[in-house]
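Enquirer: One file: data36.cif (mmCIF, N, CA and C atoms).
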```cif
data_target
loop_
_atom_site.label_atom_id
_atom_site.label_comp_id
_atom_site.auth_asym_id
_atom_site.auth_seq_id
_atom_site.Cartn_x
_atom_site.Cartn_y
_atom_site.Cartn_z
N MET B 89 84.02 120.71 105.19
CA MET B 89 85.45 120.90 105.11
C MET B 89 86.17 119.58 105.37
N PHE B 90 85.65 118.73 106.28
CA PHE B 90 86.33 117.48 106.61
C PHE B 90 86.17 116.42 105.52
N LYS B 91 85.31 116.67 104.54
CA LYS B 91 85.14 115.72 103.44
C LYS B 91 86.22 115.92 102.38
N ASP B 92 86.90 117.04 102.42
CA ASP B 92 87.96 117.33 101.46
C ASP B 92 89.11 116.35 101.67
N PRO B 93 89.57 115.63 100.61
CA PRO B 93 90.62 114.62 100.78
C PRO B 93 91.93 115.19 101.31
N ILE B 94 92.27 116.42 100.98
CA ILE B 94 93.52 117.01 101.46
C ILE B 94 93.44 117.26 102.96
N VAL B 95 92.28 117.75 103.43
CA VAL B 95 92.09 117.97 104.87
C VAL B 95 92.16 116.64 105.60
N GLN B 96 91.57 115.60 105.03
CA GLN B 96 91.60 114.28 105.66
C GLN B 96 93.04 113.77 105.77
N GLU B 97 93.85 113.99 104.74
CA GLU B 97 95.25 113.56 104.79
C GLU B 97 96.01 114.31 105.88
N VAL B 98 95.79 115.62 105.99
CA VAL B 98 96.47 116.42 107.03
C VAL B 98 96.04 115.93 108.41
N LEU B 99 94.76 115.67 108.59
CA LEU B 99 94.27 115.17 109.88
C LEU B 99 94.87 113.81 110.19
N GLU B 100 95.05 112.96 109.20
CA GLU B 100 95.65 111.65 109.41
C GLU B 100 97.11 111.80 109.84
N ILE B 101 97.83 112.74 109.27
CA ILE B 101 99.22 113.00 109.68
C ILE B 101 99.26 113.45 111.13
N ILE B 102 98.38 114.36 111.49
CA ILE B 102 98.33 114.84 112.88
C ILE B 102 98.00 113.69 113.82
N LYS B 103 97.05 112.87 113.44
CA LYS B 103 96.65 111.72 114.27
C LYS B 103 97.83 110.77 114.48
N GLN B 104 98.59 110.49 113.40
CA GLN B 104 99.75 109.61 113.51
C GLN B 104 100.83 110.23 114.39
N ASP B 105 101.05 111.53 114.26
CA ASP B 105 102.07 112.20 115.06
C ASP B 105 101.74 112.17 116.54
N TRP B 106 100.48 112.27 116.89
CA TRP B 106 100.08 112.27 118.29
C TRP B 106 100.28 110.90 118.93
N LYS B 107 100.43 109.84 118.16
CA LYS B 107 100.61 108.49 118.70
C LYS B 107 102.05 108.23 119.14
N HIS B 108 102.98 109.08 118.77
CA HIS B 108 104.40 108.84 119.04
C HIS B 108 104.97 109.89 119.97
N LEU B 109 105.81 109.42 120.89
CA LEU B 109 106.51 110.30 121.80
C LEU B 109 107.83 110.70 121.14
N VAL B 110 108.12 111.97 121.16
CA VAL B 110 109.37 112.46 120.57
C VAL B 110 110.12 113.27 121.62
N LEU B 111 111.36 112.94 121.83
CA LEU B 111 112.19 113.65 122.77
C LEU B 111 113.03 114.66 122.00
N VAL B 112 112.90 115.89 122.37
CA VAL B 112 113.66 116.95 121.70
C VAL B 112 114.69 117.47 122.69
N GLU B 113 115.93 117.39 122.32
CA GLU B 113 116.99 117.90 123.16
C GLU B 113 117.37 119.29 122.68
N ILE B 114 117.30 120.25 123.58
CA ILE B 114 117.62 121.63 123.25
C ILE B 114 118.92 121.99 123.96
N GLU B 115 119.84 122.56 123.22
CA GLU B 115 121.13 122.96 123.80
C GLU B 115 120.87 123.98 124.92
N GLY B 116 121.60 123.83 126.00
CA GLY B 116 121.48 124.79 127.10
C GLY B 116 120.48 124.36 128.15
N LEU B 117 119.67 123.34 127.89
CA LEU B 117 118.70 122.88 128.88
C LEU B 117 119.09 121.53 129.48
N LYS B 118 120.36 121.26 129.52
CA LYS B 118 120.83 119.99 130.06
C LYS B 118 120.96 120.03 131.58
N ASP B 119 120.78 121.18 132.14
CA ASP B 119 120.88 121.32 133.58
C ASP B 119 119.58 120.84 134.21
N LEU B 120 119.64 119.77 135.00
CA LEU B 120 118.45 119.21 135.63
C LEU B 120 117.98 120.02 136.82
N SER B 121 118.75 121.00 137.24
CA SER B 121 118.34 121.81 138.39
C SER B 121 117.14 122.69 138.03
N ALA B 122 116.89 122.87 136.73
CA ALA B 122 115.73 123.66 136.31
C ALA B 122 114.44 122.99 136.75
N SER B 123 114.47 121.66 136.80
CA SER B 123 113.33 120.91 137.28
C SER B 123 113.86 119.83 138.21
N GLU B 124 113.78 120.07 139.51
CA GLU B 124 114.44 119.20 140.48
C GLU B 124 113.90 117.78 140.45
N GLY B 125 112.61 117.61 140.25
CA GLY B 125 112.03 116.28 140.32
C GLY B 125 111.88 115.60 138.97
N TYR B 126 112.47 116.19 137.95
CA TYR B 126 112.27 115.63 136.61
C TYR B 126 112.84 114.23 136.47
N ALA B 127 114.04 114.01 136.95
CA ALA B 127 114.69 112.69 136.82
C ALA B 127 113.86 111.63 137.51
N ARG B 128 113.33 111.94 138.69
CA ARG B 128 112.50 110.99 139.42
C ARG B 128 111.20 110.72 138.66
N LEU B 129 110.57 111.77 138.14
CA LEU B 129 109.32 111.64 137.39
C LEU B 129 109.54 110.82 136.12
N ARG B 130 110.64 111.06 135.46
CA ARG B 130 110.97 110.31 134.24
C ARG B 130 111.13 108.83 134.54
N ASP B 131 111.86 108.51 135.59
CA ASP B 131 112.04 107.11 135.96
C ASP B 131 110.73 106.46 136.37
N LEU B 132 109.88 107.20 137.05
CA LEU B 132 108.57 106.68 137.47
C LEU B 132 107.70 106.39 136.25
N ILE B 133 107.67 107.30 135.31
CA ILE B 133 106.87 107.10 134.09
C ILE B 133 107.41 105.92 133.30
N ALA B 134 108.73 105.80 133.22
CA ALA B 134 109.34 104.70 132.47
C ALA B 134 109.02 103.36 133.12
N SER B 135 108.91 103.30 134.45
CA SER B 135 108.60 102.03 135.11
C SER B 135 107.13 101.69 135.00
N VAL B 136 106.25 102.69 135.02
CA VAL B 136 104.81 102.44 134.94
C VAL B 136 104.39 102.14 133.50
N MET B 137 104.95 102.88 132.56
CA MET B 137 104.61 102.70 131.15
C MET B 137 105.88 102.40 130.37
N PRO B 138 106.28 101.12 130.32
CA PRO B 138 107.55 100.82 129.65
C PRO B 138 107.54 101.09 128.16
N CYS B 139 106.39 101.09 127.53
CA CYS B 139 106.35 101.35 126.09
C CYS B 139 106.64 102.79 125.76
N VAL B 140 106.60 103.68 126.77
CA VAL B 140 106.84 105.09 126.53
C VAL B 140 108.21 105.49 127.05
N GLY B 141 109.13 104.57 127.05
CA GLY B 141 110.46 104.86 127.55
C GLY B 141 111.09 106.04 126.84
N VAL B 142 111.91 106.76 127.56
CA VAL B 142 112.55 107.94 126.98
C VAL B 142 113.74 107.49 126.17
N LYS B 143 113.73 107.81 124.91
CA LYS B 143 114.82 107.46 124.02
C LYS B 143 115.29 108.72 123.33
N SER B 144 116.54 108.75 123.02
CA SER B 144 117.00 109.88 122.24
C SER B 144 116.61 109.65 120.79
N PRO B 145 116.47 110.70 120.01
CA PRO B 145 116.04 110.54 118.62
C PRO B 145 116.94 109.62 117.81
N GLN B 146 118.23 109.51 118.17
CA GLN B 146 119.13 108.67 117.41
C GLN B 146 118.88 107.18 117.66
N THR B 147 118.32 106.79 118.81
CA THR B 147 118.15 105.39 119.14
C THR B 147 116.73 104.89 118.88
N VAL B 148 115.90 105.67 118.27
CA VAL B 148 114.54 105.22 117.96
C VAL B 148 114.65 104.09 116.95
N GLU B 149 114.14 102.91 117.34
CA GLU B 149 114.28 101.73 116.49
C GLU B 149 113.35 101.75 115.28
N GLU B 150 112.12 102.17 115.52
CA GLU B 150 111.13 102.14 114.45
C GLU B 150 110.82 103.57 114.01
N PRO B 151 111.11 103.90 112.80
CA PRO B 151 110.82 105.27 112.35
C PRO B 151 109.31 105.51 112.29
N ILE B 152 108.96 106.75 112.48
CA ILE B 152 107.54 107.11 112.43
C ILE B 152 107.08 106.97 110.99
N LYS B 153 106.04 106.17 110.81
CA LYS B 153 105.49 106.00 109.47
C LYS B 153 104.33 106.97 109.33
N ARG B 154 104.41 107.79 108.36
CA ARG B 154 103.34 108.75 108.14
C ARG B 154 103.11 108.95 106.65
N LYS B 155 101.93 109.31 106.37
CA LYS B 155 101.57 109.62 104.99
C LYS B 155 101.70 111.12 104.84
N ARG B 156 102.62 111.52 104.02
CA ARG B 156 102.84 112.95 103.82
C ARG B 156 102.02 113.47 102.65
N VAL B 157 101.53 114.68 102.84
CA VAL B 157 100.85 115.35 101.74
C VAL B 157 101.96 115.93 100.87
N ASN B 158 102.01 115.48 99.64
CA ASN B 158 103.08 115.88 98.76
C ASN B 158 102.48 116.64 97.59
N ASN B 159 102.86 117.88 97.44
CA ASN B 159 102.32 118.70 96.36
C ASN B 159 102.67 118.11 95.00
N GLU B 160 103.86 117.52 94.90
CA GLU B 160 104.27 116.91 93.63
C GLU B 160 103.38 115.72 93.31
N GLU B 161 103.09 114.92 94.34
CA GLU B 161 102.22 113.76 94.14
C GLU B 161 100.81 114.19 93.74
N GLU B 162 100.30 115.21 94.40
CA GLU B 162 98.97 115.73 94.07
C GLU B 162 98.96 116.28 92.65
N SER B 163 100.03 116.96 92.26
CA SER B 163 100.13 117.50 90.90
C SER B 163 100.14 116.37 89.88
N ARG B 164 100.85 115.28 90.20
CA ARG B 164 100.88 114.14 89.29
C ARG B 164 99.49 113.54 89.13
N ARG B 165 98.76 113.42 90.25
CA ARG B 165 97.39 112.89 90.16
C ARG B 165 96.52 113.77 89.28
N GLN B 166 96.63 115.08 89.48
CA GLN B 166 95.83 116.01 88.68
C GLN B 166 96.23 115.93 87.21
N MET B 167 97.53 115.81 86.94
CA MET B 167 97.99 115.70 85.56
C MET B 167 97.44 114.43 84.90
N GLU B 168 97.42 113.33 85.65
CA GLU B 168 96.89 112.07 85.11
C GLU B 168 95.40 112.22 84.81
N LYS B 169 94.66 112.88 85.70
CA LYS B 169 93.23 113.12 85.46
C LYS B 169 93.05 113.97 84.20
N LEU B 170 93.89 114.99 84.06
CA LEU B 170 93.79 115.86 82.88
C LEU B 170 94.14 115.11 81.60
N ARG B 171 95.13 114.21 81.68
CA ARG B 171 95.47 113.40 80.50
C ARG B 171 94.31 112.52 80.09
N ILE B 172 93.65 111.92 81.07
CA ILE B 172 92.49 111.06 80.78
C ILE B 172 91.37 111.89 80.15
N GLU B 173 91.09 113.06 80.74
CA GLU B 173 90.06 113.93 80.18
C GLU B 173 90.42 114.37 78.76
N LEU B 174 91.69 114.69 78.53
CA LEU B 174 92.13 115.10 77.19
C LEU B 174 91.95 113.96 76.20
N SER B 175 92.28 112.76 76.61
CA SER B 175 92.11 111.59 75.75
C SER B 175 90.64 111.40 75.38
N LYS B 176 89.77 111.53 76.38
CA LYS B 176 88.32 111.41 76.12
C LYS B 176 87.85 112.52 75.19
N SER B 177 88.34 113.73 75.41
CA SER B 177 87.95 114.86 74.56
C SER B 177 88.39 114.65 73.12
N ARG B 178 89.59 114.11 72.94
CA ARG B 178 90.08 113.84 71.59
C ARG B 178 89.23 112.79 70.89
N LYS B 179 88.84 111.75 71.64
CA LYS B 179 87.97 110.72 71.06
C LYS B 179 86.63 111.32 70.68
N ASP B 180 86.06 112.15 71.57
CA ASP B 180 84.78 112.80 71.28
C ASP B 180 84.91 113.69 70.05
N LYS B 181 86.03 114.42 69.94
CA LYS B 181 86.26 115.29 68.80
C LYS B 181 86.31 114.48 67.50
N ALA B 182 87.01 113.34 67.54
CA ALA B 182 87.12 112.49 66.35
C ALA B 182 85.73 111.97 65.94
N ILE B 183 84.93 111.57 66.92
CA ILE B 183 83.57 111.09 66.62
C ILE B 183 82.74 112.21 66.01
N LEU B 184 82.82 113.41 66.57
CA LEU B 184 82.06 114.54 66.04
C LEU B 184 82.51 114.91 64.62
N GLU B 185 83.82 114.88 64.39
CA GLU B 185 84.32 115.17 63.04
C GLU B 185 83.82 114.14 62.04
N GLU B 186 83.79 112.88 62.45
CA GLU B 186 83.27 111.82 61.59
C GLU B 186 81.79 112.04 61.29
N MET B 187 81.04 112.43 62.32
CA MET B 187 79.61 112.70 62.12
C MET B 187 79.40 113.88 61.17
N MET B 188 80.26 114.92 61.33
CA MET B 188 80.16 116.08 60.43
C MET B 188 80.47 115.68 58.99
N LEU B 189 81.47 114.83 58.81
CA LEU B 189 81.83 114.36 57.48
C LEU B 189 80.67 113.59 56.85
N GLU B 190 80.04 112.71 57.65
CA GLU B 190 78.87 111.98 57.15
C GLU B 190 77.74 112.94 56.80
N GLY B 191 77.55 113.97 57.65
CA GLY B 191 76.53 114.98 57.37
C GLY B 191 76.81 115.73 56.08
N ASP B 192 78.09 116.06 55.87
CA ASP B 192 78.48 116.75 54.63
C ASP B 192 78.20 115.87 53.41
N LYS B 193 78.50 114.57 53.52
CA LYS B 193 78.24 113.66 52.40
C LYS B 193 76.74 113.58 52.11
N ARG B 194 75.94 113.48 53.17
CA ARG B 194 74.47 113.43 52.99
C ARG B 194 73.96 114.72 52.35
N ARG B 195 74.50 115.84 52.83
CA ARG B 195 74.08 117.14 52.28
C ARG B 195 74.42 117.23 50.80
N ALA B 196 75.61 116.79 50.41
CA ALA B 196 76.03 116.81 49.00
C ALA B 196 75.12 115.91 48.17
N PHE B 197 74.80 114.73 48.71
CA PHE B 197 73.91 113.80 48.00
C PHE B 197 72.52 114.42 47.81
N LEU B 198 71.99 115.03 48.87
CA LEU B 198 70.68 115.66 48.77
C LEU B 198 70.70 116.86 47.83
N ASP B 199 71.79 117.61 47.84
CA ASP B 199 71.92 118.75 46.90
C ASP B 199 71.88 118.26 45.45
N GLU B 200 72.57 117.17 45.17
CA GLU B 200 72.55 116.60 43.81
C GLU B 200 71.13 116.18 43.42
N LYS B 201 70.42 115.54 44.37
CA LYS B 201 69.04 115.13 44.08
C LYS B 201 68.16 116.34 43.80
N ILE B 202 68.32 117.37 44.60
CA ILE B 202 67.51 118.58 44.40
C ILE B 202 67.82 119.20 43.05
N GLN B 203 69.10 119.27 42.68
CA GLN B 203 69.46 119.84 41.39
C GLN B 203 68.89 119.01 40.23
N SER B 204 68.95 117.68 40.35
CA SER B 204 68.40 116.85 39.27
C SER B 204 66.88 117.02 39.18
N ARG B 205 66.21 117.13 40.30
CA ARG B 205 64.75 117.35 40.28
C ARG B 205 64.42 118.74 39.73
N ASP B 206 65.23 119.74 40.13
CA ASP B 206 65.01 121.09 39.59
C ASP B 206 65.18 121.08 38.07
N ALA B 207 66.19 120.35 37.60
CA ALA B 207 66.43 120.27 36.15
C ALA B 207 65.23 119.59 35.48
N ARG B 208 64.72 118.52 36.09
CA ARG B 208 63.57 117.82 35.53
C ARG B 208 62.32 118.72 35.51
N ILE B 209 62.14 119.47 36.60
CA ILE B 209 60.99 120.38 36.67
C ILE B 209 61.11 121.45 35.59
N THR B 210 62.31 122.00 35.42
CA THR B 210 62.52 123.02 34.38
C THR B 210 62.22 122.44 33.00
N LYS B 211 62.67 121.22 32.76
CA LYS B 211 62.41 120.55 31.49
C LYS B 211 60.91 120.38 31.25
N LEU B 212 60.21 119.92 32.29
CA LEU B 212 58.76 119.71 32.17
C LEU B 212 58.02 121.03 31.96
N GLU B 213 58.48 122.09 32.62
CA GLU B 213 57.84 123.40 32.43
C GLU B 213 58.03 123.88 30.99
N LEU B 214 59.24 123.68 30.44
CA LEU B 214 59.48 124.06 29.05
C LEU B 214 58.58 123.26 28.10
N LYS B 215 58.50 121.97 28.36
CA LYS B 215 57.67 121.11 27.52
C LYS B 215 56.21 121.53 27.62
N LEU B 216 55.76 121.84 28.83
CA LEU B 216 54.38 122.28 29.04
C LEU B 216 54.13 123.61 28.34
N GLY B 217 55.10 124.51 28.40
CA GLY B 217 54.97 125.81 27.73
C GLY B 217 54.90 125.64 26.21
N GLU B 218 55.68 124.71 25.65
CA GLU B 218 55.67 124.46 24.22
C GLU B 218 54.32 123.88 23.79
N GLU B 219 53.79 122.97 24.59
CA GLU B 219 52.49 122.39 24.24
C GLU B 219 51.37 123.45 24.31
N LYS B 220 51.49 124.34 25.27
CA LYS B 220 50.50 125.40 25.44
C LYS B 220 50.53 126.31 24.20
N ILE B 221 51.72 126.63 23.73
CA ILE B 221 51.85 127.50 22.56
C ILE B 221 51.34 126.76 21.32
N ALA B 222 51.59 125.48 21.25
CA ALA B 222 51.14 124.68 20.11
C ALA B 222 49.61 124.61 20.07
N ARG B 223 48.94 124.58 21.16
CA ARG B 223 47.49 124.52 21.22
C ARG B 223 46.87 125.84 20.81
N GLU B 224 47.47 126.89 21.09
CA GLU B 224 46.89 128.19 20.79
C GLU B 224 47.05 128.46 19.37
#
```
Spell out the structure here as structure tokens.
Expert:
Amino acid sequence: MFKDPIVQEVLEIIKQDWKHLVLVEIEGLKDLSASEGYARLRDLIASVMPCVGVKSPQTVEEPIKRKRVNNEEESRRQMEKLRIELSKSRKDKAILEEMMLEGDKRRAFLDEKIQSRDARITKLELKLGEEKIARE
């Protein structure tokens, strides 16, 4: 299952998302009394790990770069593959039609040869029959 390219892309998105801290502000939870030590814990984390500073979503300087799985993009890739296959199939069809045409020409040529030989054989049989009658 993990060899499937779509699964690998989804896993890569998840991996990239886990590397970034996102602060979500929910209306109604602005009261710090719900968690008395939160402000102190936040300041402590910010001082110990400055790269993980708490920022609001509007002040994030660097947007999260991620590779999105896009159904339209995947459809375009599949369409391009199908176009290539169709092109190859058309070339193969043209080659086969050309081979059939050559086969038809050979068959017509051989039919003419057979007819001329049949005519010659018929002529020789008549001649042989006439000589046989002449001898008797």
Enquirer: Between atom CA of Glu218 of chain B and atom N of Arg205 of chain B, what distance in Å does the model show, to one decimal?
Expert: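 Taking atom CA of Glu218 of chain B and atom N of Arg205 of chain B, their separation equals 20.6 Å.
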Enquirer: Can you tell me how far atom C of Ile94 of chain B sits from atom N of Asn159 of chain B, in Å to one decimal?
Expert: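 Computing it gives 10.9 Å between the two atoms.
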Enquirer: Could you tell me how far atom CA of Glu173 of chain B sits from atom CA of Glu190 of chain B, in Å to one decimal place?
Expert: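 Going from atom CA of Glu190 of chain B over to atom CA of Glu173 of chain B covers 25.7 Å.
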